[in-house]
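Below: start.pdb (PDB, C-alpha atoms, pLDDT in the B column)
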ATOM      1  CA  MET A   6     124.763  94.729  99.297  1.00 67.00           C
ATOM      2  CA  VAL A   7     122.875  92.006  97.469  1.00 82.00           C
ATOM      3  CA  GLY A   8     119.676  92.708  95.623  1.00 81.00           C
ATOM      4  CA  PRO A   9     116.852  93.101  95.080  1.00 87.00           C
ATOM      5  CA  GLN A  10     116.597  95.650  97.860  1.00 90.00           C
ATOM      6  CA  ARG A  11     114.220  94.660 100.647  1.00 94.00           C
ATOM      7  CA  PRO A  12     113.052  96.458 103.791  1.00 96.00           C
ATOM      8  CA  GLN A  13     115.744  96.216 106.452  1.00 97.00           C
ATOM      9  CA  ILE A  14     114.769  95.316 110.010  1.00 98.00           C
ATOM     10  CA  VAL A  15     117.608  95.857 112.492  1.00 98.00           C
ATOM     11  CA  LEU A  16     117.710  94.190 115.908  1.00 98.00           C
ATOM     12  CA  PHE A  17     119.781  96.415 118.207  1.00 98.00           C
ATOM     13  CA  GLY A  18     120.595  95.688 121.821  1.00 98.00           C
ATOM     14  CA  SER A  19     122.506  93.648 124.367  1.00 98.00           C
ATOM     15  CA  SER A  20     122.885  89.872 124.742  1.00 97.00           C
ATOM     16  CA  ILE A  21     119.151  89.209 124.499  1.00 97.00           C
ATOM     17  CA  VAL A  22     119.576  90.532 120.959  1.00 98.00           C
ATOM     18  CA  GLN A  23     123.001  89.020 120.199  1.00 98.00           C
ATOM     19  CA  PHE A  24     121.841  85.558 121.274  1.00 98.00           C
ATOM     20  CA  SER A  25     118.533  85.838 119.419  1.00 98.00           C
ATOM     21  CA  PHE A  26     119.710  83.653 116.538  1.00 97.00           C
ATOM     22  CA  SER A  27     120.753  80.781 118.827  1.00 95.00           C
ATOM     23  CA  ASN A  28     118.695  77.835 120.073  1.00 91.00           C
ATOM     24  CA  GLY A  29     115.424  78.736 118.365  1.00 96.00           C
ATOM     25  CA  GLY A  30     115.818  82.393 119.269  1.00 98.00           C
ATOM     26  CA  TRP A  31     113.406  85.175 118.430  1.00 98.00           C
ATOM     27  CA  GLY A  32     115.720  86.775 115.867  1.00 98.00           C
ATOM     28  CA  ALA A  33     115.988  83.518 113.953  1.00 98.00           C
ATOM     29  CA  ILE A  34     112.215  83.095 114.044  1.00 98.00           C
ATOM     30  CA  LEU A  35     111.723  86.594 112.648  1.00 98.00           C
ATOM     31  CA  ALA A  36     114.270  85.884 109.906  1.00 98.00           C
ATOM     32  CA  ASP A  37     112.213  82.830 108.924  1.00 98.00           C
ATOM     33  CA  VAL A  38     108.889  84.665 109.077  1.00 98.00           C
ATOM     34  CA  TYR A  39     110.274  87.487 106.917  1.00 98.00           C
ATOM     35  CA  ALA A  40     112.076  85.207 104.439  1.00 97.00           C
ATOM     36  CA  ARG A  41     111.850  86.692 100.917  1.00 97.00           C
ATOM     37  CA  LYS A  42     110.155  89.768 102.394  1.00 97.00           C
ATOM     38  CA  ALA A  43     112.651  91.708 104.552  1.00 98.00           C
ATOM     39  CA  ASP A  44     116.227  91.337 105.739  1.00 97.00           C
ATOM     40  CA  ILE A  45     116.723  90.874 109.481  1.00 98.00           C
ATOM     41  CA  VAL A  46     120.035  92.492 110.461  1.00 98.00           C
ATOM     42  CA  LEU A  47     121.631  91.643 113.802  1.00 98.00           C
ATOM     43  CA  ARG A  48     123.375  94.333 115.816  1.00 98.00           C
ATOM     44  CA  GLY A  49     123.527  92.681 119.236  1.00 98.00           C
ATOM     45  CA  TYR A  50     126.284  93.362 121.761  1.00 98.00           C
ATOM     46  CA  SER A  51     126.516  91.032 124.726  1.00 96.00           C
ATOM     47  CA  GLY A  52     127.113  92.735 128.064  1.00 94.00           C
ATOM     48  CA  TRP A  53     126.246  96.220 126.856  1.00 96.00           C
ATOM     49  CA  ASN A  54     124.133  98.794 128.629  1.00 97.00           C
ATOM     50  CA  SER A  55     122.445 101.942 127.350  1.00 98.00           C
ATOM     51  CA  ARG A  56     125.487 104.049 128.257  1.00 97.00           C
ATOM     52  CA  ARG A  57     127.709 102.012 125.971  1.00 97.00           C
ATOM     53  CA  ALA A  58     125.076 102.091 123.246  1.00 98.00           C
ATOM     54  CA  ILE A  59     124.902 105.885 122.997  1.00 97.00           C
ATOM     55  CA  GLN A  60     128.695 106.048 122.750  1.00 97.00           C
ATOM     56  CA  VAL A  61     128.565 104.281 119.382  1.00 97.00           C
ATOM     57  CA  ILE A  62     125.012 104.880 118.167  1.00 98.00           C
ATOM     58  CA  ASP A  63     126.182 107.071 115.299  1.00 97.00           C
ATOM     59  CA  ARG A  64     128.567 104.320 114.133  1.00 98.00           C
ATOM     60  CA  VAL A  65     125.971 101.568 114.300  1.00 98.00           C
ATOM     61  CA  PHE A  66     123.396 103.818 112.621  1.00 98.00           C
ATOM     62  CA  PRO A  67     125.289 106.455 110.590  1.00 98.00           C
ATOM     63  CA  LYS A  68     123.096 109.276 109.362  1.00 97.00           C
ATOM     64  CA  ASP A  69     124.796 109.310 105.952  1.00 96.00           C
ATOM     65  CA  ALA A  70     124.236 105.612 105.203  1.00 95.00           C
ATOM     66  CA  ALA A  71     123.060 104.938 101.653  1.00 93.00           C
ATOM     67  CA  VAL A  72     120.216 102.760 102.961  1.00 94.00           C
ATOM     68  CA  GLN A  73     118.449 103.325 106.266  1.00 97.00           C
ATOM     69  CA  PRO A  74     116.472 100.686 108.164  1.00 98.00           C
ATOM     70  CA  SER A  75     112.737 100.452 107.746  1.00 98.00           C
ATOM     71  CA  LEU A  76     112.395  99.233 111.335  1.00 98.00           C
ATOM     72  CA  VAL A  77     114.649  99.079 114.384  1.00 98.00           C
ATOM     73  CA  ILE A  78     113.744  96.787 117.284  1.00 98.00           C
ATOM     74  CA  CYS A  79     115.753  97.953 120.279  1.00 98.00           C
ATOM     75  CA  TYR A  80     116.427  96.413 123.681  1.00 98.00           C
ATOM     76  CA  PHE A  81     118.559  97.649 126.568  1.00 98.00           C
ATOM     77  CA  GLY A  82     117.766  97.537 130.266  1.00 96.00           C
ATOM     78  CA  GLY A  83     118.670  94.224 131.820  1.00 95.00           C
ATOM     79  CA  ASN A  84     122.319  95.097 132.317  1.00 95.00           C
ATOM     80  CA  ASP A  85     121.500  98.684 133.257  1.00 96.00           C
ATOM     81  CA  SER A  86     119.242  97.414 136.034  1.00 95.00           C
ATOM     82  CA  MET A  87     121.976  95.392 137.739  1.00 91.00           C
ATOM     83  CA  GLY A  88     123.036  96.611 141.165  1.00 86.00           C
ATOM     84  CA  PRO A  89     125.950  99.085 141.365  1.00 85.00           C
ATOM     85  CA  HIS A  90     129.446  97.851 142.216  1.00 83.00           C
ATOM     86  CA  PRO A  91     131.489  99.687 144.916  1.00 83.00           C
ATOM     87  CA  SER A  92     134.278 100.265 142.367  1.00 84.00           C
ATOM     88  CA  GLY A  93     131.983 102.263 140.097  1.00 83.00           C
ATOM     89  CA  LEU A  94     132.752  99.810 137.305  1.00 81.00           C
ATOM     90  CA  GLY A  95     130.289  97.513 135.619  1.00 79.00           C
ATOM     91  CA  PRO A  96     127.059  97.695 133.666  1.00 89.00           C
ATOM     92  CA  HIS A  97     124.812  99.409 136.233  1.00 94.00           C
ATOM     93  CA  VAL A  98     123.188 102.609 134.995  1.00 96.00           C
ATOM     94  CA  PRO A  99     120.957 104.626 137.350  1.00 96.00           C
ATOM     95  CA  LEU A 100     117.313 104.634 136.320  1.00 97.00           C
ATOM     96  CA  GLU A 101     117.214 108.339 135.459  1.00 97.00           C
ATOM     97  CA  GLU A 102     120.295 108.055 133.234  1.00 98.00           C
ATOM     98  CA  TYR A 103     118.948 104.882 131.641  1.00 98.00           C
ATOM     99  CA  ILE A 104     115.790 106.665 130.538  1.00 98.00           C
ATOM    100  CA  GLU A 105     117.765 109.628 129.236  1.00 98.00           C
ATOM    101  CA  ASN A 106     120.018 107.263 127.274  1.00 98.00           C
ATOM    102  CA  MET A 107     117.043 105.441 125.784  1.00 98.00           C
ATOM    103  CA  ARG A 108     115.556 108.782 124.853  1.00 98.00           C
ATOM    104  CA  LYS A 109     118.793 109.695 123.049  1.00 98.00           C
ATOM    105  CA  ILE A 110     118.739 106.389 121.187  1.00 98.00           C
ATOM    106  CA  ALA A 111     115.155 107.049 120.085  1.00 98.00           C
ATOM    107  CA  VAL A 112     115.942 110.592 118.959  1.00 98.00           C
ATOM    108  CA  HIS A 113     118.916 109.397 116.923  1.00 98.00           C
ATOM    109  CA  LEU A 114     116.934 106.612 115.275  1.00 98.00           C
ATOM    110  CA  LYS A 115     114.099 108.982 114.398  1.00 98.00           C
ATOM    111  CA  SER A 116     116.596 111.323 112.746  1.00 98.00           C
ATOM    112  CA  LEU A 117     117.732 108.671 110.263  1.00 98.00           C
ATOM    113  CA  SER A 118     114.652 108.855 108.057  1.00 96.00           C
ATOM    114  CA  GLU A 119     111.145 110.258 107.973  1.00 94.00           C
ATOM    115  CA  ASN A 120     109.855 106.747 107.352  1.00 95.00           C
ATOM    116  CA  ILE A 121     111.809 104.801 109.959  1.00 98.00           C
ATOM    117  CA  ARG A 122     109.763 102.802 112.457  1.00 98.00           C
ATOM    118  CA  ILE A 123     110.871 101.889 115.977  1.00 98.00           C
ATOM    119  CA  ILE A 124     109.845  99.259 118.517  1.00 98.00           C
ATOM    120  CA  PHE A 125     111.415  99.168 121.993  1.00 98.00           C
ATOM    121  CA  LEU A 126     111.387  96.033 124.121  1.00 98.00           C
ATOM    122  CA  SER A 127     111.045  96.578 127.857  1.00 98.00           C
ATOM    123  CA  CYS A 128     113.053  94.727 130.487  1.00 97.00           C
ATOM    124  CA  PRO A 129     111.711  91.176 130.995  1.00 97.00           C
ATOM    125  CA  PRO A 130     111.526  89.404 134.357  1.00 97.00           C
ATOM    126  CA  LEU A 131     114.211  87.039 135.626  1.00 95.00           C
ATOM    127  CA  ASN A 132     114.321  83.570 137.070  1.00 92.00           C
ATOM    128  CA  GLU A 133     116.438  84.668 140.032  1.00 88.00           C
ATOM    129  CA  LYS A 134     117.081  81.133 141.319  1.00 89.00           C
ATOM    130  CA  MET A 135     118.227  79.860 137.926  1.00 89.00           C
ATOM    131  CA  LEU A 136     120.423  82.924 137.472  1.00 86.00           C
ATOM    132  CA  GLN A 137     122.172  82.338 140.794  1.00 81.00           C
ATOM    133  CA  GLU A 138     122.771  78.690 139.941  1.00 80.00           C
ATOM    134  CA  SER A 139     124.160  79.466 136.479  1.00 74.00           C
ATOM    135  CA  SER A 140     126.370  82.446 137.393  1.00 70.00           C
ATOM    136  CA  SER A 141     130.085  81.932 136.827  1.00 64.00           C
ATOM    137  CA  THR A 142     132.633  82.481 139.585  1.00 69.00           C
ATOM    138  CA  ILE A 143     134.848  84.448 137.170  1.00 66.00           C
ATOM    139  CA  PHE A 144     132.525  87.412 137.662  1.00 65.00           C
ATOM    140  CA  SER A 145     132.058  89.544 140.738  1.00 67.00           C
ATOM    141  CA  LYS A 146     128.740  88.754 142.424  1.00 72.00           C
ATOM    142  CA  LEU A 147     125.878  89.729 140.146  1.00 70.00           C
ATOM    143  CA  VAL A 148     123.057  91.640 141.771  1.00 79.00           C
ATOM    144  CA  ARG A 149     119.962  91.271 139.614  1.00 86.00           C
ATOM    145  CA  THR A 150     116.419  91.250 140.936  1.00 92.00           C
ATOM    146  CA  ASN A 151     112.948  91.206 139.515  1.00 92.00           C
ATOM    147  CA  GLU A 152     112.108  94.325 141.459  1.00 94.00           C
ATOM    148  CA  THR A 153     114.703  96.404 139.598  1.00 95.00           C
ATOM    149  CA  CYS A 154     113.712  94.787 136.286  1.00 96.00           C
ATOM    150  CA  ARG A 155     110.137  95.885 136.919  1.00 96.00           C
ATOM    151  CA  LEU A 156     111.183  99.466 137.652  1.00 97.00           C
ATOM    152  CA  TYR A 157     113.295  99.724 134.497  1.00 97.00           C
ATOM    153  CA  SER A 158     110.567  98.089 132.429  1.00 98.00           C
ATOM    154  CA  GLU A 159     107.887 100.484 133.655  1.00 98.00           C
ATOM    155  CA  ALA A 160     110.133 103.494 133.110  1.00 98.00           C
ATOM    156  CA  CYS A 161     110.914 102.413 129.538  1.00 98.00           C
ATOM    157  CA  ILE A 162     107.243 101.894 128.747  1.00 98.00           C
ATOM    158  CA  GLU A 163     106.345 105.322 130.141  1.00 98.00           C
ATOM    159  CA  MET A 164     109.079 107.003 128.099  1.00 98.00           C
ATOM    160  CA  CYS A 165     107.856 105.262 124.943  1.00 98.00           C
ATOM    161  CA  LYS A 166     104.336 106.521 125.561  1.00 98.00           C
ATOM    162  CA  GLU A 167     105.638 110.059 125.967  1.00 98.00           C
ATOM    163  CA  MET A 168     107.634 109.819 122.731  1.00 98.00           C
ATOM    164  CA  GLU A 169     104.904 107.948 120.842  1.00 97.00           C
ATOM    165  CA  ILE A 170     107.151 104.944 120.244  1.00 98.00           C
ATOM    166  CA  LYS A 171     105.781 101.424 119.964  1.00 98.00           C
ATOM    167  CA  VAL A 172     106.851  99.230 122.873  1.00 98.00           C
ATOM    168  CA  VAL A 173     106.543  95.566 123.794  1.00 98.00           C
ATOM    169  CA  ASP A 174     105.935  95.073 127.515  1.00 98.00           C
ATOM    170  CA  LEU A 175     108.064  91.969 128.009  1.00 98.00           C
ATOM    171  CA  TRP A 176     107.757  92.200 131.788  1.00 97.00           C
ATOM    172  CA  THR A 177     104.044  91.463 131.502  1.00 98.00           C
ATOM    173  CA  ALA A 178     104.050  89.279 128.393  1.00 98.00           C
ATOM    174  CA  ILE A 179     106.462  86.663 129.747  1.00 98.00           C
ATOM    175  CA  GLN A 180     104.585  86.321 133.033  1.00 97.00           C
ATOM    176  CA  LYS A 181     101.275  85.625 131.299  1.00 97.00           C
ATOM    177  CA  ARG A 182     102.504  82.076 130.852  1.00 96.00           C
ATOM    178  CA  ASP A 183     101.896  80.111 134.050  1.00 96.00           C
ATOM    179  CA  ASP A 184     105.096  78.083 133.758  1.00 97.00           C
ATOM    180  CA  TRP A 185     107.330  80.976 132.643  1.00 97.00           C
ATOM    181  CA  LEU A 186     109.904  80.390 135.376  1.00 96.00           C
ATOM    182  CA  SER A 187     110.651  76.865 134.196  1.00 95.00           C
ATOM    183  CA  THR A 188     110.225  77.214 130.424  1.00 97.00           C
ATOM    184  CA  CYS A 189     111.227  80.681 129.231  1.00 97.00           C
ATOM    185  CA  TYR A 190     114.941  80.864 130.040  1.00 96.00           C
ATOM    186  CA  THR A 191     118.198  79.055 129.424  1.00 94.00           C
ATOM    187  CA  ASP A 192     120.025  80.608 132.383  1.00 92.00           C
ATOM    188  CA  GLY A 193     117.519  82.804 134.174  1.00 93.00           C
ATOM    189  CA  VAL A 194     118.123  85.804 131.893  1.00 94.00           C
ATOM    190  CA  HIS A 195     118.320  84.759 128.243  1.00 95.00           C
ATOM    191  CA  PHE A 196     115.347  83.328 126.412  1.00 97.00           C
ATOM    192  CA  SER A 197     114.812  79.695 125.601  1.00 97.00           C
ATOM    193  CA  ALA A 198     112.957  78.734 122.426  1.00 97.00           C
ATOM    194  CA  GLU A 199     109.678  78.926 124.368  1.00 97.00           C
ATOM    195  CA  GLY A 200     110.491  82.395 125.703  1.00 98.00           C
ATOM    196  CA  SER A 201     111.477  83.545 122.229  1.00 98.00           C
ATOM    197  CA  LYS A 202     108.116  82.475 120.843  1.00 98.00           C
ATOM    198  CA  ILE A 203     106.458  84.897 123.255  1.00 98.00           C
ATOM    199  CA  VAL A 204     108.765  87.700 122.123  1.00 98.00           C
ATOM    200  CA  VAL A 205     107.975  87.042 118.453  1.00 98.00           C
ATOM    201  CA  GLY A 206     104.251  86.893 119.099  1.00 98.00           C
ATOM    202  CA  GLU A 207     104.316  90.256 120.844  1.00 98.00           C
ATOM    203  CA  ILE A 208     106.424  91.900 118.126  1.00 98.00           C
ATOM    204  CA  LEU A 209     104.153  90.605 115.357  1.00 98.00           C
ATOM    205  CA  LYS A 210     101.113  91.818 117.285  1.00 98.00           C
ATOM    206  CA  VAL A 211     102.549  95.341 117.413  1.00 98.00           C
ATOM    207  CA  LEU A 212     103.380  95.226 113.703  1.00 98.00           C
ATOM    208  CA  LYS A 213      99.906  94.006 112.775  1.00 98.00           C
ATOM    209  CA  GLU A 214      98.122  96.635 114.873  1.00 97.00           C
ATOM    210  CA  ALA A 215     100.377  99.566 113.956  1.00 97.00           C
ATOM    211  CA  GLU A 216      98.746 102.025 111.583  1.00 95.00           C
ATOM    212  CA  TRP A 217     101.924 102.446 109.572  1.00 97.00           C
ATOM    213  CA  GLU A 218     102.003 103.193 105.874  1.00 95.00           C
ATOM    214  CA  PRO A 219     103.383 101.097 104.425  1.00 95.00           C
ATOM    215  CA  SER A 220     102.712  98.283 106.844  1.00 97.00           C
ATOM    216  CA  LEU A 221     105.727  96.259 107.929  1.00 98.00           C
ATOM    217  CA  HIS A 222     103.710  93.252 109.067  1.00 98.00           C
ATOM    218  CA  TRP A 223     105.027  90.213 107.242  1.00 98.00           C
ATOM    219  CA  LYS A 224     101.724  89.368 105.587  1.00 97.00           C
ATOM    220  CA  SER A 225     101.550  92.869 104.111  1.00 97.00           C
ATOM    221  CA  LEU A 226     104.951  92.706 102.416  1.00 97.00           C
ATOM    222  CA  PRO A 227     105.395  91.276  98.920  1.00 96.00           C
ATOM    223  CA  THR A 228     107.214  87.985  98.485  1.00 96.00           C
ATOM    224  CA  GLU A 229     110.324  88.311  96.350  1.00 95.00           C
ATOM    225  CA  PHE A 230     110.188  86.597  92.923  1.00 95.00           C
ATOM    226  CA  ALA A 231     106.747  85.130  93.650  1.00 94.00           C
ATOM    227  CA  GLU A 232     105.565  85.015  90.060  1.00 95.00           C
ATOM    228  CA  ASP A 233     104.616  81.694  88.492  1.00 94.00           C
ATOM    229  CA  SER A 234     107.336  79.901  86.546  1.00 94.00           C
ATOM    230  CA  ASP A 235     107.639  76.813  84.379  1.00 93.00           C
ATOM    231  CA  CYS A 236     110.557  75.943  86.679  1.00 95.00           C
ATOM    232  CA  ASP A 237     108.159  75.425  89.602  1.00 94.00           C
ATOM    233  CA  LEU A 238     107.423  71.933  90.910  1.00 94.00           C
ATOM    234  CA  ILE A 239     105.288  69.836  88.606  1.00 95.00           C
ATOM    235  CA  ALA A 240     101.742  69.059  89.739  1.00 95.00           C
ATOM    236  CA  SER A 241     100.328  65.524  89.913  1.00 96.00           C
ATOM    237  CA  ASP A 242      98.576  66.034  86.572  1.00 95.00           C
ATOM    238  CA  GLY A 243     101.981  66.154  84.926  1.00 94.00           C
ATOM    239  CA  LYS A 244     100.985  69.182  82.910  1.00 93.00           C
ATOM    240  CA  THR A 245     101.009  72.184  85.260  1.00 95.00           C
ATOM    241  CA  THR A 246     103.304  73.566  87.912  1.00 95.00           C
ATOM    242  CA  ILE A 247     102.676  74.591  91.514  1.00 95.00           C
ATOM    243  CA  ASN A 248     104.059  77.840  92.903  1.00 94.00           C
ATOM    244  CA  ILE A 249     105.172  77.253  96.511  1.00 95.00           C
ATOM    245  CA  SER A 250     106.495  80.772  97.132  1.00 94.00           C
ATOM    246  CA  GLU A 251     103.949  81.476  99.853  1.00 92.00           C
ATOM    247  CA  TRP A 252     103.970  78.077 101.536  1.00 94.00           C
ATOM    248  CA  ASN A 253     104.968  77.964 105.206  1.00 93.00           C
ATOM    249  CA  PHE A 254     104.075  74.396 106.149  1.00 91.00           C
ATOM    250  CA  HIS A 255     107.526  73.921 107.707  1.00 93.00           C
ATOM    251  CA  ARG A 256     106.773  76.188 110.672  1.00 94.00           C
ATOM    252  CA  ASP A 257     105.727  74.706 113.998  1.00 92.00           C
ATOM    253  CA  ILE A 258     103.675  77.839 114.621  1.00 94.00           C
ATOM    254  CA  GLN A 259     101.567  79.454 111.930  1.00 95.00           C
ATOM    255  CA  TRP A 260     102.228  83.056 112.872  1.00 96.00           C
ATOM    256  CA  ASP A 261      99.540  85.683 112.485  1.00 93.00           C
TER     257      ASP A 261
END
As structure tokens - that is how I would like this structure written.
Amino acid sequence: MVGPQRPQIVLFGSSIVQFSFSNGGWGAILADVYARKADIVLRGYSGWNSRRAIQVIDRVFPKDAAVQPSLVICYFGGNDSMGPHPSGLGPHVPLEEYIENMRKIAVHLKSLSENIRIIFLSCPPLNEKMLQESSSTIFSKLVRTNETCRLYSEACIEMCKEMEIKVVDLWTAIQKRDDWLSTCYTDGVHFSAEGSKIVVGEILKVLKEAEWEPSLHWKSLPTEFAEDSDCDLIASDGKTTINISEWNFHRDIQWD
């Protein structure tokens, strides 16, 4: 592990997490926002459901690890909500089992540290037409509907309320944008850059409003090696230097 040690924020979930560093994804945006403040660690597993996750949760998050995450952002649900296949194979997980699996994930994460913080992401909506057009013929017919996404999203949110876990309601957040069907997805399921911006905004809102001590909102965290130095860029007067440690002019969005 490289130093100095920073807070560790782990993104854990299925393909929406694994792909979050591609094409202006929400994981990449968070890594930029938290540059010099916290390390964003990717633990995304494309195609996984909550059943698969609990089979390896203790290997992804071992209880005896020397350093435990400060925050885990967790997403499962989209694959779970797919329709069942007659063979019994595939990613479908019945709603009741899905909630029990998510509960087990939450319990395990809470056991890692007294100070660990958790945010769950609920199941977002789909662009069903785009999904049908982009589906590959190498797969058996995929049965995914917005109705099942809504049910799994609502159940996840309710469970989080019961367990006092912070949750981002992606089902609602994505649909607040009038043109969400045409702008928020690359294939009907996975987020485009525009969809990812919504995800980041919602996560940062939760972090800003959370009454956590210490706060994990990016503006509350110290910037690494931010002290003034005679190695900084020289000012126009030719005599002083300018510390640019806190500058973020490069970002298209000035995140709150």
Original post:
Once the PyMOL selection byres ((chain A and resi 58) around 12) has been applied to the shown file, what residues remain in the selection, as JSON, numbers by chain?
Top reply: {"A": [17, 18, 19, 48, 49, 50, 51, 52, 53, 54, 55, 56, 57, 59, 60, 61, 62, 63, 64, 65, 66, 79, 80, 81, 82, 84, 85, 96, 98, 103, 106, 107, 108, 109, 110, 111, 113]}
Subject >> Residues in the PyMOL selection byres ((chain A and resi 205-216) around 8), expressed as a PyMOL selection string >> reply: chain A and resi 31+34-35+171-173+178+201-204+217-218+220-222+260-261
Suppose we keep C-alpha atoms; can you now write the selection as an mmCIF file, in the frame of the given file?
data_model
loop_
_atom_site.group_PDB
_atom_site.id
_atom_site.type_symbol
_atom_site.label_atom_id
_atom_site.label_comp_id
_atom_site.auth_asym_id
_atom_site.auth_seq_id
_atom_site.Cartn_x
_atom_site.Cartn_y
_atom_site.Cartn_z
ATOM 1 C CA TRP A 31 113.406 85.175 118.430
ATOM 2 C CA ILE A 34 112.215 83.095 114.044
ATOM 3 C CA LEU A 35 111.723 86.594 112.648
ATOM 4 C CA LYS A 171 105.781 101.424 119.964
ATOM 5 C CA VAL A 172 106.851 99.230 122.873
ATOM 6 C CA VAL A 173 106.543 95.566 123.794
ATOM 7 C CA ALA A 178 104.050 89.279 128.393
ATOM 8 C CA SER A 201 111.477 83.545 122.229
ATOM 9 C CA LYS A 202 108.116 82.475 120.843
ATOM 10 C CA ILE A 203 106.458 84.897 123.255
ATOM 11 C CA VAL A 204 108.765 87.700 122.123
ATOM 12 C CA TRP A 217 101.924 102.446 109.572
ATOM 13 C CA GLU A 218 102.003 103.193 105.874
ATOM 14 C CA SER A 220 102.712 98.283 106.844
ATOM 15 C CA LEU A 221 105.727 96.259 107.929
ATOM 16 C CA HIS A 222 103.710 93.252 109.067
ATOM 17 C CA TRP A 260 102.228 83.056 112.872
ATOM 18 C CA ASP A 261 99.540 85.683 112.485
#
Residue members of the PyMOL selection byres ((chain A and resi 230-244) around 12) in the file shown, as a short mmCIF file (atom, residue, chain, number, x, y, z; two decimals) with C-alpha atoms, keeping the file's coordinate frame:
data_model
loop_
_atom_site.label_atom_id
_atom_site.label_comp_id
_atom_site.auth_asym_id
_atom_site.auth_seq_id
_atom_site.Cartn_x
_atom_site.Cartn_y
_atom_site.Cartn_z
CA GLY A 8 119.68 92.71 95.62
CA PRO A 9 116.85 93.10 95.08
CA ARG A 11 114.22 94.66 100.65
CA ALA A 40 112.08 85.21 104.44
CA ARG A 41 111.85 86.69 100.92
CA LYS A 42 110.16 89.77 102.39
CA LEU A 226 104.95 92.71 102.42
CA PRO A 227 105.40 91.28 98.92
CA THR A 228 107.21 87.98 98.48
CA GLU A 229 110.32 88.31 96.35
CA THR A 245 101.01 72.18 85.26
CA THR A 246 103.30 73.57 87.91
CA ILE A 247 102.68 74.59 91.51
CA ASN A 248 104.06 77.84 92.90
CA ILE A 249 105.17 77.25 96.51
CA SER A 250 106.50 80.77 97.13
CA GLU A 251 103.95 81.48 99.85
CA TRP A 252 103.97 78.08 101.54
#
Subject >> Exercise: Ser140 of chain A partners within 12 Å, all atoms listed in the file, chain neighbours under 5 positions left out, as a list in words >> reply: Glu133, Lys134, Met135, Ser145, Lys146, Leu147, Val148, Arg149, Thr191, Asp192, Gly193 and Val194 of chain A
Original post:
So which one's closest to Asn253 of chain A, A:Leu131, A:Val38, A:Phe26, A:His90? Using all atoms listed in the file, please.
Top reply: A:Val38
All heavy atoms restored at segment 167-171 of chain A, emitted as a PDB file, in the frame of the given file:
ATOM      1  N   GLU A 167     105.403 108.624 126.096  1.00 98.00           N
ATOM      2  CA  GLU A 167     105.638 110.059 125.967  1.00 98.00           C
ATOM      3  C   GLU A 167     106.166 110.421 124.585  1.00 98.00           C
ATOM      4  O   GLU A 167     105.809 111.463 124.026  1.00 98.00           O
ATOM      5  CB  GLU A 167     106.635 110.520 127.027  1.00 98.00           C
ATOM      6  CG  GLU A 167     106.127 110.446 128.453  1.00 98.00           C
ATOM      7  CD  GLU A 167     107.204 110.757 129.463  1.00 98.00           C
ATOM      8  OE1 GLU A 167     108.345 111.083 129.034  1.00 98.00           O
ATOM      9  OE2 GLU A 167     106.936 110.671 130.677  1.00 98.00           O
ATOM     10  N   MET A 168     107.015 109.544 124.025  1.00 98.00           N
ATOM     11  CA  MET A 168     107.634 109.819 122.731  1.00 98.00           C
ATOM     12  C   MET A 168     106.869 109.211 121.566  1.00 98.00           C
ATOM     13  O   MET A 168     107.300 109.296 120.412  1.00 98.00           O
ATOM     14  CB  MET A 168     109.077 109.307 122.726  1.00 98.00           C
ATOM     15  CG  MET A 168     109.981 109.966 123.744  1.00 98.00           C
ATOM     16  SD  MET A 168     111.720 109.490 123.548  1.00 98.00           S
ATOM     17  CE  MET A 168     112.132 110.327 121.996  1.00 98.00           C
ATOM     18  N   GLU A 169     105.740 108.584 121.860  1.00 97.00           N
ATOM     19  CA  GLU A 169     104.904 107.948 120.842  1.00 97.00           C
ATOM     20  C   GLU A 169     105.698 106.894 120.059  1.00 97.00           C
ATOM     21  O   GLU A 169     105.683 106.849 118.832  1.00 97.00           O
ATOM     22  CB  GLU A 169     104.299 108.990 119.906  1.00 97.00           C
ATOM     23  CG  GLU A 169     103.366 109.969 120.632  1.00 97.00           C
ATOM     24  CD  GLU A 169     102.703 110.941 119.686  1.00 97.00           C
ATOM     25  OE1 GLU A 169     103.236 111.169 118.582  1.00 97.00           O
ATOM     26  OE2 GLU A 169     101.640 111.484 120.035  1.00 97.00           O
ATOM     27  N   ILE A 170     106.389 106.051 120.810  1.00 98.00           N
ATOM     28  CA  ILE A 170     107.151 104.944 120.244  1.00 98.00           C
ATOM     29  C   ILE A 170     106.457 103.638 120.617  1.00 98.00           C
ATOM     30  O   ILE A 170     106.019 103.460 121.754  1.00 98.00           O
ATOM     31  CB  ILE A 170     108.601 104.940 120.785  1.00 98.00           C
ATOM     32  CG1 ILE A 170     109.347 106.180 120.308  1.00 98.00           C
ATOM     33  CG2 ILE A 170     109.345 103.672 120.365  1.00 98.00           C
ATOM     34  CD1 ILE A 170     110.704 106.342 120.961  1.00 98.00           C
ATOM     35  N   LYS A 171     106.364 102.728 119.677  1.00 98.00           N
ATOM     36  CA  LYS A 171     105.781 101.424 119.964  1.00 98.00           C
ATOM     37  C   LYS A 171     106.680 100.667 120.937  1.00 98.00           C
ATOM     38  O   LYS A 171     107.913 100.721 120.832  1.00 98.00           O
ATOM     39  CB  LYS A 171     105.619 100.608 118.682  1.00 98.00           C
ATOM     40  CG  LYS A 171     104.750 101.253 117.618  1.00 98.00           C
ATOM     41  CD  LYS A 171     103.314 101.385 118.069  1.00 98.00           C
ATOM     42  CE  LYS A 171     102.438 101.929 116.939  1.00 98.00           C
ATOM     43  NZ  LYS A 171     101.040 102.150 117.385  1.00 98.00           N
TER      44      LYS A 171
END
